[in-house]
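Trainee: Dumping the structure here so I can ask a few things about it.
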Amino acid sequence: MFCRQLTRRFFNAKSREPIEPPYLELQRDFLEPAEFYQELSKHGVTFYAGVPDSLLKDFCAYVQDNALPGQHVITVNEGTAVSMAAGYYLATKKIPCVYLQNSGLGNIVNPYMSLAHPKVYGIPMLYLIGWRGEPGKKDEPQHLVQGKRMNGILTEMGMQYDVLPDYIEGAAEALDTAFYSMKTRNGPYALLVKRQCFTNYKLKNVAKNNYQLTREEALTEVIQNTRPLDVCVSTTGFLSRELFELRQRLNQNGEQDFLTVGSMGHASSIALGIAQVKKSRQVFCLDGDGAMMMHMGALAQIGNIGPINYKHILFNNQAHDSVGAQPTSNPLVNFTQIAIGCGYKDAFQVQTKEEITKGMERLNRNDGPILMEILIKPGVRKDLGRPTTTTFENKEKFMHFLTY
């Protein structure tokens with residue numbers, strides 16, 4: 001698969017001494033996660049922080065399996081990763097690595113511009129950014145928007161960047177340039193990672209638990225216990241895709257669902273905005289544990305406003321399921337206690353189908369805000385599709401449904 005040299009021998013034209021043949025890429029090459037990790041180690045990188053990404057999942061999986069304890073932190077959001085990396089640099093003088101999907105650029109703007117920027121504190125760190133929505137590549141609408149604007153955003157931020165080559169010689173040169181820039185400018189540098197840059201690496205430390213239900217099985221029980229005029233706002237990732245296909249199996253057009261295909265962590269606030277206005281309708285936020293942790297401050301806002309029609313359902317599999325099944329930043333978070341502490345009127349856990357049915361009765365019967373946390377196992381069926389309607393069609397149907 002990797003054709004890096006020709007079998008023919010090459011010689012110096014004058015001395016006739018044998019020389020190394022020129023590199024010729026006869027077939028597509030890929031970057032080995034282990035080799036790239038070693039190149040980073042040569043530059044003194046020992047600390048990694050970030051939010052898992054589908055384009056970076058092979059490298060992130062290698063880091064997860066091979067970094068020493070305390071040298072890799074899966075953070076709640078990308079901004080936290082930048083801030084933590086800054087603290088690490090201040091304490092060690094070593095340049096850290098922060099990884100993220102380009103959809104997380106918005107979360108790093110503030111800590112980059114007001115903390116790490118060369119004209120503020122001047123803190124060097126290497127950003128590995130997955131380039132979702134790369135121009136010319138098929139992708140989801142929210143990624144296409146982000147991918148097209150990414151270079152302009154980085155330029156406006158005053159960040160130096162380059163595209164990471166997909167072969168080790170080029171990657172090594174890119175790292176040499178990046179570290180020279182970071183050390184001379186005293187600021188971050190970004191390497192953009194295109195689709196299929198890395199070879200496959202299977203995560204050994206996969207998030208596991210002993211819960212009975214998959215997310216799709218639990219979701220089916222939830223939806224079958226909602227009422228015709230109930231509103232659902234579903235979080236980004238597999239959950240929205242499963243909800244779309246579930247409605248199709250039930251011969252429903254999904255008009256009661258707003259599918260939050262992007263904006264990870266913001267579904268709960270979207271649902272809150274709806275619940276405040278549509279007071280006669282039950283509004284269900286179908287959330288995920290990684291998404292909830294990403295912007296957990298929303299719970300304090302929901303508890304403070306206290307809409308009685310707000311019903312929060314958390315599907316907790318303790319993993320970032322759609323980007324490689326890596327564990328979330330803290331699988332031991334007690335979400336029910338946090339919700340109560342934020343002002344929710346009730347919060348409880350369920351695991352089985354029977355408990356979900358009784359839990360839905362409890363949600364339907366009592367005033368909110370209420371949180372029902374469903375403990376589920378990671379995983380998704382391999383033939384799961386994507387919504388066949390556009391985001392605009394989803395929005396228009398949903399807004400019409402709210403007028404009933």
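For the structure tokens, the naming scheme is as follows: chains receive sequential letters (A, B, ...) according to their order of presentation, residues are indexed from 1 within each chain, and ligands are indexed from 1 in presentation order.
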Can you pull out every residue within 6 Å of Lys377 (chain A), counting only C-alpha atoms, but drop anything in the same chain fewer than 3 positions away, and send it as a PyMOL selection string?

Mentor: chain A and resi 211+214+317

Trainee: Could you name the residues that touch Ile376 (chain A) at 9 Å or less, counting only C-alpha atoms, but leaving out those on the same chain fewer than 3 positions away, as a list in words?

Mentor: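 The contact residues come out as Asn209, Asn210, Tyr211, Gln212, Leu213, Thr214, Arg215, Ala218, Phe315, Asn316, Asn317, Gln318, Gln351 and Thr352 of chain A.
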
Trainee: Let's have the selection written as a compact mmCIF listing (two decimals), in the first residue's frame, with C-alpha atoms.

Mentor:
```
# COMPACT_ATOMS: atom_id res chain seq x y z
CA ASN A 209 -20.15 -0.25 30.99
CA ASN A 210 -22.62 -2.92 32.02
CA TYR A 211 -25.88 -1.15 31.23
CA GLN A 212 -28.55 -3.04 29.30
CA LEU A 213 -29.91 -0.71 26.64
CA THR A 214 -28.43 0.96 23.61
CA ARG A 215 -29.25 4.61 23.04
CA ALA A 218 -33.84 3.74 25.15
CA PHE A 315 -28.81 9.65 27.46
CA ASN A 316 -25.60 8.83 29.32
CA ASN A 317 -23.27 6.23 27.78
CA GLN A 318 -20.10 7.76 29.29
CA GLN A 351 -31.76 1.94 33.20
CA THR A 352 -34.36 -0.56 31.98
```

Trainee: So which one's closest to Leu375 (chain A), A:Glu217, A:Leu299, A:Lys395, A:Arg362? Using only C-alpha atoms, please.

Mentor: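 Smallest distance to Leu375 (chain A) is found for A:Glu217.
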
Trainee: Can you list, as a VMD selection string, every residue of region 212-340 of chain A that DSSP puts in strand (DSSP E or B)?

Mentor: chain A and resid 231 to 234 257 to 259 283 to 288 310 to 316 319 to 320 326 to 327

Trainee: Which residues come within 8 Å of region 150-162 of chain A, counting only C-alpha atoms, excluding same-chain residues fewer than 3 positions away, as a list of chain:residue names?

Mentor: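 The residues satisfying every condition are A:Asn102, A:Val109, A:Met113, A:Gln146, A:Gly147, A:Ala174, A:Ala178, A:Pro188, A:Tyr189, A:Ala190, A:Leu191, A:Leu192.
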
Trainee: Residues as selected, all heavy atoms, written as a tab-separated table (two decimals), in the first residue's frame, can you do that?

Mentor:
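Contents of selection.tsv, freshly written:
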```
chain	number	residue	atom	x	y	z
A	102	ASN	N	-12.86	21.50	13.72
A	102	ASN	CA	-12.98	22.93	13.42
A	102	ASN	C	-14.31	23.53	13.87
A	102	ASN	O	-14.42	24.74	14.04
A	102	ASN	CB	-12.74	23.21	11.94
A	102	ASN	CG	-13.68	22.44	11.02
A	102	ASN	OD1	-14.48	21.61	11.45
A	102	ASN	ND2	-13.56	22.69	9.73
A	109	VAL	N	-11.86	30.78	20.56
A	109	VAL	CA	-11.57	32.17	20.18
A	109	VAL	C	-11.20	33.01	21.39
A	109	VAL	O	-10.18	33.72	21.39
A	109	VAL	CB	-12.74	32.80	19.41
A	109	VAL	CG1	-12.52	34.30	19.24
A	109	VAL	CG2	-12.91	32.14	18.05
A	113	MET	N	-7.57	34.53	21.89
A	113	MET	CA	-7.39	35.97	21.68
A	113	MET	C	-7.03	36.71	22.96
A	113	MET	O	-6.27	37.68	22.93
A	113	MET	CB	-8.67	36.58	21.09
A	113	MET	CG	-9.05	36.03	19.72
A	113	MET	SD	-7.84	36.43	18.42
A	113	MET	CE	-8.18	38.16	18.17
A	146	GLN	N	-18.68	25.74	8.08
A	146	GLN	CA	-17.48	25.93	8.90
A	146	GLN	C	-16.21	25.69	8.10
A	146	GLN	O	-15.24	26.45	8.19
A	146	GLN	CB	-17.52	24.97	10.09
A	146	GLN	CG	-16.35	25.12	11.05
A	146	GLN	CD	-16.48	26.32	11.95
A	146	GLN	OE1	-17.53	26.57	12.52
A	146	GLN	NE2	-15.42	27.09	12.09
A	147	GLY	N	-16.19	24.62	7.30
A	147	GLY	CA	-15.00	24.28	6.55
A	147	GLY	C	-14.60	25.33	5.54
A	147	GLY	O	-13.41	25.59	5.33
A	174	ALA	N	6.57	19.82	8.59
A	174	ALA	CA	5.53	20.72	9.08
A	174	ALA	C	5.69	21.01	10.56
A	174	ALA	O	5.49	22.13	11.02
A	174	ALA	CB	4.15	20.12	8.79
A	178	ALA	N	6.33	24.49	12.48
A	178	ALA	CA	5.40	24.90	13.53
A	178	ALA	C	6.14	25.25	14.82
A	178	ALA	O	5.87	26.29	15.44
A	178	ALA	CB	4.39	23.78	13.80
A	188	PRO	N	0.47	30.33	19.61
A	188	PRO	CA	0.02	29.06	19.05
A	188	PRO	C	0.24	28.96	17.54
A	188	PRO	O	0.41	29.96	16.84
A	188	PRO	CB	-1.48	29.05	19.38
A	188	PRO	CG	-1.62	29.95	20.56
A	188	PRO	CD	-0.62	31.05	20.31
A	189	TYR	N	0.20	27.74	17.07
A	189	TYR	CA	0.31	27.42	15.64
A	189	TYR	C	-0.65	26.28	15.39
A	189	TYR	O	-0.79	25.37	16.22
A	189	TYR	CB	1.75	27.00	15.31
A	189	TYR	CG	2.05	26.86	13.84
A	189	TYR	CD1	2.70	27.87	13.15
A	189	TYR	CD2	1.73	25.70	13.14
A	189	TYR	CE1	3.03	27.75	11.79
A	189	TYR	CE2	2.03	25.55	11.78
A	189	TYR	CZ	2.68	26.58	11.13
A	189	TYR	OH	2.99	26.45	9.78
A	190	ALA	N	-1.32	26.30	14.23
A	190	ALA	CA	-2.32	25.28	13.93
A	190	ALA	C	-1.91	24.42	12.74
A	190	ALA	O	-1.39	24.93	11.74
A	190	ALA	CB	-3.67	25.93	13.64
A	191	LEU	N	-2.15	23.13	12.85
A	191	LEU	CA	-2.02	22.21	11.73
A	191	LEU	C	-3.40	21.66	11.40
A	191	LEU	O	-4.08	21.11	12.28
A	191	LEU	CB	-1.07	21.06	12.08
A	191	LEU	CG	0.42	21.43	12.16
A	191	LEU	CD1	1.24	20.24	12.64
A	191	LEU	CD2	0.94	21.91	10.81
A	192	LEU	N	-3.81	21.85	10.16
A	192	LEU	CA	-5.13	21.43	9.72
A	192	LEU	C	-5.07	20.00	9.20
A	192	LEU	O	-4.23	19.68	8.34
A	192	LEU	CB	-5.65	22.37	8.63
A	192	LEU	CG	-5.51	23.87	8.91
A	192	LEU	CD1	-6.11	24.68	7.78
A	192	LEU	CD2	-6.12	24.24	10.25
```

Trainee: Tell me which protein, DNA and RNA residues are within 8 Å of region 253-270 of chain A, counting only C-alpha atoms, leaving out same-chain ones fewer than 5 positions away, and put them as a CSV table (one decimal) with N, CA and C atoms, in the first residue's frame.

Mentor:
```
chain,number,residue,atom,x,y,z
A,142,GLN,N,-23.7,22.0,8.3
A,142,GLN,CA,-23.0,22.8,9.3
A,142,GLN,C,-21.5,22.7,9.1
A,229,LEU,N,-48.6,16.3,20.9
A,229,LEU,CA,-48.2,17.7,20.8
A,229,LEU,C,-47.0,18.0,21.5
A,230,ASP,N,-46.3,17.0,22.1
A,230,ASP,CA,-45.0,17.3,22.8
A,230,ASP,C,-44.0,17.7,21.8
A,231,VAL,N,-43.1,18.5,22.2
A,231,VAL,CA,-42.0,19.0,21.4
A,231,VAL,C,-40.7,18.3,21.8
A,232,CYS,N,-39.8,18.0,20.8
A,232,CYS,CA,-38.5,17.3,21.1
A,232,CYS,C,-37.4,18.1,20.5
A,233,VAL,N,-36.4,18.4,21.2
A,233,VAL,CA,-35.2,19.0,20.7
A,233,VAL,C,-34.0,18.0,21.0
A,234,SER,N,-33.4,17.5,19.9
A,234,SER,CA,-32.4,16.4,20.1
A,234,SER,C,-31.0,17.0,19.9
A,235,THR,N,-30.1,16.4,20.6
A,235,THR,CA,-28.7,16.9,20.6
A,235,THR,C,-28.0,16.4,19.3
A,236,THR,N,-26.8,16.9,19.1
A,236,THR,CA,-26.0,16.6,17.9
A,236,THR,C,-25.5,15.2,18.0
A,237,GLY,N,-25.1,14.6,16.9
A,237,GLY,CA,-24.5,13.3,16.9
A,237,GLY,C,-25.5,12.2,16.5
A,240,SER,N,-29.7,12.3,17.1
A,240,SER,CA,-30.6,13.0,16.2
A,240,SER,C,-30.8,12.1,15.0
A,244,PHE,N,-34.5,10.5,13.8
A,244,PHE,CA,-35.0,10.7,12.5
A,244,PHE,C,-35.5,9.4,11.9
A,247,ARG,N,-38.7,8.0,13.7
A,247,ARG,CA,-39.9,8.6,13.2
A,247,ARG,C,-40.4,7.9,11.9
A,248,GLN,N,-39.4,7.6,11.1
A,248,GLN,CA,-39.8,7.0,9.8
A,248,GLN,C,-40.4,5.6,10.1
A,285,CYS,N,-36.0,18.0,26.0
A,285,CYS,CA,-34.6,18.1,25.5
A,285,CYS,C,-34.0,16.7,25.6
A,286,LEU,N,-33.6,16.1,24.4
A,286,LEU,CA,-33.0,14.8,24.4
A,286,LEU,C,-31.5,15.1,24.3
A,287,ASP,N,-30.8,14.9,25.4
A,287,ASP,CA,-29.4,15.4,25.5
A,287,ASP,C,-28.5,14.2,25.6
A,290,GLY,N,-21.8,14.0,26.9
A,290,GLY,CA,-20.7,14.8,26.4
A,290,GLY,C,-21.2,16.2,26.1
A,291,ALA,N,-22.3,16.3,25.5
A,291,ALA,CA,-22.9,17.6,25.1
A,291,ALA,C,-23.3,18.4,26.4
A,292,MET,N,-23.9,17.7,27.4
A,292,MET,CA,-24.3,18.4,28.6
A,292,MET,C,-23.1,19.0,29.3
A,293,MET,N,-22.0,18.2,29.4
A,293,MET,CA,-20.8,18.6,30.1
A,293,MET,C,-20.1,19.8,29.3
A,294,MET,N,-20.3,19.8,28.0
A,294,MET,CA,-19.6,20.9,27.2
A,294,MET,C,-20.1,22.3,27.6
A,295,HIS,N,-21.4,22.4,27.9
A,295,HIS,CA,-21.9,23.7,28.3
A,295,HIS,C,-22.8,23.5,29.5
A,296,MET,N,-22.3,23.0,30.6
A,296,MET,CA,-23.1,22.6,31.8
A,296,MET,C,-23.7,23.8,32.5
A,298,ALA,N,-25.6,25.8,31.3
A,298,ALA,CA,-27.0,25.9,30.9
A,298,ALA,C,-28.0,25.3,31.9
A,302,ILE,N,-31.4,27.0,33.3
A,302,ILE,CA,-32.7,26.3,33.2
A,302,ILE,C,-33.4,26.3,34.6
A,312,HIS,N,-36.1,17.3,30.7
A,312,HIS,CA,-34.8,17.1,30.3
A,312,HIS,C,-34.4,15.6,30.4
A,394,ASN,N,-36.4,20.7,8.0
A,394,ASN,CA,-36.7,20.4,9.4
A,394,ASN,C,-37.2,21.6,10.1
A,395,LYS,N,-36.5,22.7,9.9
A,395,LYS,CA,-36.9,23.9,10.6
A,395,LYS,C,-38.3,24.4,10.3
A,397,LYS,N,-40.9,22.6,9.0
A,397,LYS,CA,-41.9,21.7,9.6
A,397,LYS,C,-42.0,21.9,11.1
A,398,PHE,N,-40.9,22.1,11.7
A,398,PHE,CA,-40.9,22.2,13.2
A,398,PHE,C,-41.6,23.5,13.6
A,400,HIS,N,-43.9,25.1,11.9
A,400,HIS,CA,-45.3,25.0,11.7
A,400,HIS,C,-46.0,24.2,12.8
A,401,PHE,N,-45.3,23.1,13.2
A,401,PHE,CA,-45.8,22.3,14.3
A,401,PHE,C,-46.0,23.1,15.6
A,402,LEU,N,-45.2,24.1,15.8
A,402,LEU,CA,-45.3,24.9,17.0
A,402,LEU,C,-46.5,25.8,17.0
```

Trainee: Find the residues around region 130-135 of chain A up to 10 Å (only C-alpha atoms counted), leave out those fewer than 4 positions away in its own chain, and share them as a VMD selection string.

Mentor: chain A and resid 52 to 57 99 to 104 139 to 151 163 191 to 195 197

Trainee: Identify all residues of region 94-308 of chain A in helix (DSSP H, G or I) (DSSP on the backbone) and supply them as an MDAnalysis selection string.

Mentor: chainID A and resid 102:116 141:156 168:185 215:223 238:249 267:277 289:294 297:305

Trainee: Would you list the contacts of Gln326 (chain A) as a PDB file with all heavy atoms, in the first residue's frame, taking every protein, DNA or RNA residue within 10 Å and counting only C-alpha atoms, but skipping same-chain residues closer than 5 positions in sequence?

Mentor:
```pdb
ATOM      1  N   VAL A  51     -11.045  17.825  22.628  1.00  0.00           N
ATOM      2  CA  VAL A  51     -12.333  17.147  22.471  1.00  0.00           C
ATOM      3  C   VAL A  51     -12.217  16.231  21.260  1.00  0.00           C
ATOM      4  O   VAL A  51     -11.812  16.683  20.178  1.00  0.00           O
ATOM      5  CB  VAL A  51     -13.469  18.165  22.267  1.00  0.00           C
ATOM      6  CG1 VAL A  51     -14.798  17.450  22.025  1.00  0.00           C
ATOM      7  CG2 VAL A  51     -13.573  19.085  23.478  1.00  0.00           C
ATOM      8  N   PRO A  52     -12.535  14.940  21.378  1.00  0.00           N
ATOM      9  CA  PRO A  52     -12.377  13.997  20.263  1.00  0.00           C
ATOM     10  C   PRO A  52     -13.095  14.448  18.999  1.00  0.00           C
ATOM     11  O   PRO A  52     -14.148  15.091  19.042  1.00  0.00           O
ATOM     12  CB  PRO A  52     -12.990  12.705  20.824  1.00  0.00           C
ATOM     13  CG  PRO A  52     -12.800  12.810  22.293  1.00  0.00           C
ATOM     14  CD  PRO A  52     -12.998  14.275  22.605  1.00  0.00           C
ATOM     15  N   ASP A  53     -12.495  14.104  17.866  1.00  0.00           N
ATOM     16  CA  ASP A  53     -13.007  14.480  16.553  1.00  0.00           C
ATOM     17  C   ASP A  53     -12.936  13.274  15.631  1.00  0.00           C
ATOM     18  O   ASP A  53     -12.013  12.466  15.729  1.00  0.00           O
ATOM     19  CB  ASP A  53     -12.158  15.642  16.001  1.00  0.00           C
ATOM     20  CG  ASP A  53     -12.382  15.877  14.517  1.00  0.00           C
ATOM     21  OD1 ASP A  53     -13.550  15.918  14.110  1.00  0.00           O
ATOM     22  OD2 ASP A  53     -11.391  16.014  13.771  1.00  0.00           O
ATOM     23  N   LYS A  57      -9.702  10.839  15.074  1.00  0.00           N
ATOM     24  CA  LYS A  57      -9.986   9.770  16.029  1.00  0.00           C
ATOM     25  C   LYS A  57      -8.867   8.730  16.105  1.00  0.00           C
ATOM     26  O   LYS A  57      -8.602   8.189  17.180  1.00  0.00           O
ATOM     27  CB  LYS A  57     -11.320   9.094  15.711  1.00  0.00           C
ATOM     28  CG  LYS A  57     -11.363   8.322  14.408  1.00  0.00           C
ATOM     29  CD  LYS A  57     -12.738   7.681  14.206  1.00  0.00           C
ATOM     30  CE  LYS A  57     -12.774   6.881  12.918  1.00  0.00           C
ATOM     31  NZ  LYS A  57     -14.105   6.248  12.707  1.00  0.00           N
ATOM     32  N   CYS A  60      -6.069  10.448  18.073  1.00  0.00           N
ATOM     33  CA  CYS A  60      -6.534  10.628  19.453  1.00  0.00           C
ATOM     34  C   CYS A  60      -6.610   9.294  20.185  1.00  0.00           C
ATOM     35  O   CYS A  60      -6.309   9.210  21.382  1.00  0.00           O
ATOM     36  CB  CYS A  60      -7.893  11.315  19.464  1.00  0.00           C
ATOM     37  SG  CYS A  60      -7.866  13.035  18.917  1.00  0.00           S
ATOM     38  N   ALA A  61      -7.018   8.246  19.474  1.00  0.00           N
ATOM     39  CA  ALA A  61      -7.078   6.914  20.087  1.00  0.00           C
ATOM     40  C   ALA A  61      -5.685   6.446  20.483  1.00  0.00           C
ATOM     41  O   ALA A  61      -5.494   5.860  21.561  1.00  0.00           O
ATOM     42  CB  ALA A  61      -7.721   5.921  19.122  1.00  0.00           C
ATOM     43  N   GLN A  64      -4.719   8.292  23.559  1.00  0.00           N
ATOM     44  CA  GLN A  64      -5.459   7.760  24.695  1.00  0.00           C
ATOM     45  C   GLN A  64      -4.837   6.477  25.224  1.00  0.00           C
ATOM     46  O   GLN A  64      -4.742   6.256  26.438  1.00  0.00           O
ATOM     47  CB  GLN A  64      -6.919   7.506  24.290  1.00  0.00           C
ATOM     48  CG  GLN A  64      -7.782   6.814  25.334  1.00  0.00           C
ATOM     49  CD  GLN A  64      -8.129   7.713  26.501  1.00  0.00           C
ATOM     50  OE1 GLN A  64      -7.854   8.916  26.481  1.00  0.00           O
ATOM     51  NE2 GLN A  64      -8.726   7.133  27.531  1.00  0.00           N
ATOM     52  N   ILE A  74      -9.136  14.495  28.150  1.00  0.00           N
ATOM     53  CA  ILE A  74     -10.290  14.759  27.286  1.00  0.00           C
ATOM     54  C   ILE A  74     -11.130  15.805  28.003  1.00  0.00           C
ATOM     55  O   ILE A  74     -11.697  15.529  29.064  1.00  0.00           O
ATOM     56  CB  ILE A  74     -11.089  13.471  27.033  1.00  0.00           C
ATOM     57  CG1 ILE A  74     -10.222  12.442  26.303  1.00  0.00           C
ATOM     58  CG2 ILE A  74     -12.343  13.775  26.217  1.00  0.00           C
ATOM     59  CD1 ILE A  74     -10.888  11.095  26.110  1.00  0.00           C
ATOM     60  N   LEU A 203      -8.858   1.893  18.978  1.00  0.00           N
ATOM     61  CA  LEU A 203      -8.734   2.232  20.384  1.00  0.00           C
ATOM     62  C   LEU A 203      -8.833   0.983  21.254  1.00  0.00           C
ATOM     63  O   LEU A 203      -9.775   0.200  21.122  1.00  0.00           O
ATOM     64  CB  LEU A 203      -9.833   3.235  20.769  1.00  0.00           C
ATOM     65  CG  LEU A 203      -9.863   3.720  22.217  1.00  0.00           C
ATOM     66  CD1 LEU A 203      -8.635   4.579  22.517  1.00  0.00           C
ATOM     67  CD2 LEU A 203     -11.144   4.511  22.478  1.00  0.00           C
ATOM     68  N   LYS A 204      -7.849   0.799  22.131  1.00  0.00           N
ATOM     69  CA  LYS A 204      -7.875  -0.354  23.039  1.00  0.00           C
ATOM     70  C   LYS A 204      -8.696  -0.049  24.288  1.00  0.00           C
ATOM     71  O   LYS A 204      -9.431  -0.890  24.787  1.00  0.00           O
ATOM     72  CB  LYS A 204      -6.447  -0.748  23.436  1.00  0.00           C
ATOM     73  CG  LYS A 204      -5.572  -1.219  22.281  1.00  0.00           C
ATOM     74  CD  LYS A 204      -4.204  -1.644  22.767  1.00  0.00           C
ATOM     75  CE  LYS A 204      -3.339  -2.175  21.627  1.00  0.00           C
ATOM     76  NZ  LYS A 204      -3.009  -1.128  20.641  1.00  0.00           N
ATOM     77  N   ASN A 205      -8.536   1.162  24.803  1.00  0.00           N
ATOM     78  CA  ASN A 205      -9.256   1.544  26.025  1.00  0.00           C
ATOM     79  C   ASN A 205     -10.616   2.137  25.681  1.00  0.00           C
ATOM     80  O   ASN A 205     -10.893   3.313  25.944  1.00  0.00           O
ATOM     81  CB  ASN A 205      -8.419   2.550  26.831  1.00  0.00           C
ATOM     82  CG  ASN A 205      -7.101   1.947  27.269  1.00  0.00           C
ATOM     83  OD1 ASN A 205      -7.050   0.822  27.758  1.00  0.00           O
ATOM     84  ND2 ASN A 205      -6.011   2.687  27.082  1.00  0.00           N
ATOM     85  N   VAL A 206     -11.457   1.328  25.054  1.00  0.00           N
ATOM     86  CA  VAL A 206     -12.785   1.774  24.651  1.00  0.00           C
ATOM     87  C   VAL A 206     -13.672   1.922  25.884  1.00  0.00           C
ATOM     88  O   VAL A 206     -13.618   1.108  26.812  1.00  0.00           O
ATOM     89  CB  VAL A 206     -13.421   0.765  23.671  1.00  0.00           C
ATOM     90  CG1 VAL A 206     -14.830   1.196  23.294  1.00  0.00           C
ATOM     91  CG2 VAL A 206     -12.564   0.642  22.429  1.00  0.00           C
ATOM     92  N   ALA A 207     -14.476   2.980  25.889  1.00  0.00           N
ATOM     93  CA  ALA A 207     -15.410   3.181  27.000  1.00  0.00           C
ATOM     94  C   ALA A 207     -16.400   2.019  27.047  1.00  0.00           C
ATOM     95  O   ALA A 207     -17.021   1.675  26.039  1.00  0.00           O
ATOM     96  CB  ALA A 207     -16.151   4.502  26.832  1.00  0.00           C
ATOM     97  N   LYS A 208     -16.545   1.410  28.212  1.00  0.00           N
ATOM     98  CA  LYS A 208     -17.464   0.286  28.388  1.00  0.00           C
ATOM     99  C   LYS A 208     -18.230   0.434  29.693  1.00  0.00           C
ATOM    100  O   LYS A 208     -17.765   1.084  30.629  1.00  0.00           O
ATOM    101  CB  LYS A 208     -16.697  -1.042  28.397  1.00  0.00           C
ATOM    102  CG  LYS A 208     -15.981  -1.386  27.111  1.00  0.00           C
ATOM    103  CD  LYS A 208     -15.243  -2.712  27.235  1.00  0.00           C
ATOM    104  CE  LYS A 208     -14.508  -3.061  25.951  1.00  0.00           C
ATOM    105  NZ  LYS A 208     -13.756  -4.341  26.061  1.00  0.00           N
ATOM    106  N   GLN A 318     -21.453   7.512  28.781  1.00  0.00           N
ATOM    107  CA  GLN A 318     -20.101   7.764  29.290  1.00  0.00           C
ATOM    108  C   GLN A 318     -19.054   7.772  28.185  1.00  0.00           C
ATOM    109  O   GLN A 318     -17.887   7.464  28.401  1.00  0.00           O
ATOM    110  CB  GLN A 318     -19.734   6.724  30.363  1.00  0.00           C
ATOM    111  CG  GLN A 318     -20.708   6.700  31.524  1.00  0.00           C
ATOM    112  CD  GLN A 318     -20.452   5.559  32.488  1.00  0.00           C
ATOM    113  OE1 GLN A 318     -19.874   4.534  32.128  1.00  0.00           O
ATOM    114  NE2 GLN A 318     -20.870   5.727  33.734  1.00  0.00           N
ATOM    115  N   ALA A 319     -19.483   8.150  26.959  1.00  0.00           N
ATOM    116  CA  ALA A 319     -18.557   8.115  25.825  1.00  0.00           C
ATOM    117  C   ALA A 319     -18.908   9.172  24.790  1.00  0.00           C
ATOM    118  O   ALA A 319     -20.057   9.611  24.692  1.00  0.00           O
ATOM    119  CB  ALA A 319     -18.573   6.743  25.167  1.00  0.00           C
ATOM    120  N   HIS A 320     -17.897   9.575  24.017  1.00  0.00           N
ATOM    121  CA  HIS A 320     -18.108  10.390  22.816  1.00  0.00           C
ATOM    122  C   HIS A 320     -18.333   9.407  21.665  1.00  0.00           C
ATOM    123  O   HIS A 320     -17.426   9.097  20.896  1.00  0.00           O
ATOM    124  CB  HIS A 320     -16.889  11.279  22.547  1.00  0.00           C
ATOM    125  CG  HIS A 320     -16.737  12.414  23.496  1.00  0.00           C
ATOM    126  ND1 HIS A 320     -17.532  13.542  23.431  1.00  0.00           N
ATOM    127  CD2 HIS A 320     -15.898  12.618  24.536  1.00  0.00           C
ATOM    128  CE1 HIS A 320     -17.173  14.397  24.380  1.00  0.00           C
ATOM    129  NE2 HIS A 320     -16.197  13.849  25.075  1.00  0.00           N
ATOM    130  N   ASP A 321     -19.552   8.934  21.539  1.00  0.00           N
ATOM    131  CA  ASP A 321     -19.846   7.776  20.700  1.00  0.00           C
ATOM    132  C   ASP A 321     -19.607   8.031  19.214  1.00  0.00           C
ATOM    133  O   ASP A 321     -19.140   7.140  18.500  1.00  0.00           O
ATOM    134  CB  ASP A 321     -21.306   7.363  20.906  1.00  0.00           C
ATOM    135  CG  ASP A 321     -21.484   5.854  20.914  1.00  0.00           C
ATOM    136  OD1 ASP A 321     -20.481   5.136  20.793  1.00  0.00           O
ATOM    137  OD2 ASP A 321     -22.630   5.403  21.042  1.00  0.00           O
ATOM    138  N   PRO A 378     -22.510   2.197  25.290  1.00  0.00           N
ATOM    139  CA  PRO A 378     -22.077   2.825  24.035  1.00  0.00           C
ATOM    140  C   PRO A 378     -22.369   1.925  22.840  1.00  0.00           C
ATOM    141  O   PRO A 378     -22.623   0.735  22.994  1.00  0.00           O
ATOM    142  CB  PRO A 378     -20.568   3.002  24.222  1.00  0.00           C
ATOM    143  CG  PRO A 378     -20.291   2.718  25.658  1.00  0.00           C
ATOM    144  CD  PRO A 378     -21.381   1.833  26.134  1.00  0.00           C
TER     145      PRO A 378
END
```

Trainee: Would you work out the distance separating CA of Val283 (chain A) from CA of Lys311 (chain A), expressed in Å to one decimal?

Mentor: 6.0 Å

Trainee: Do you have the CA of Val45 (chain A)-CA of Gly106 (chain A) distance handy?

Mentor: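 Going from CA of Val45 (chain A) over to CA of Gly106 (chain A) covers 24.8 Å.
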
Trainee: Find the residues near region 167-170 of chain A: any atom within 8 Å, counting only C-alpha atoms, skip ones fewer than 3 places away on the same chain, and give them as a PyMOL selection string.

Mentor: chain A and resi 29-32+35-36+164+173-174

Trainee: Could you check the closest approach to Phe179 (chain A) for each of A:Ala116, A:Pro96, A:Ile308, A:Pro228 and tell me which residue wins, using only C-alpha atoms?

Mentor: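 Under the stated criterion, the closest residue is A:Pro96.
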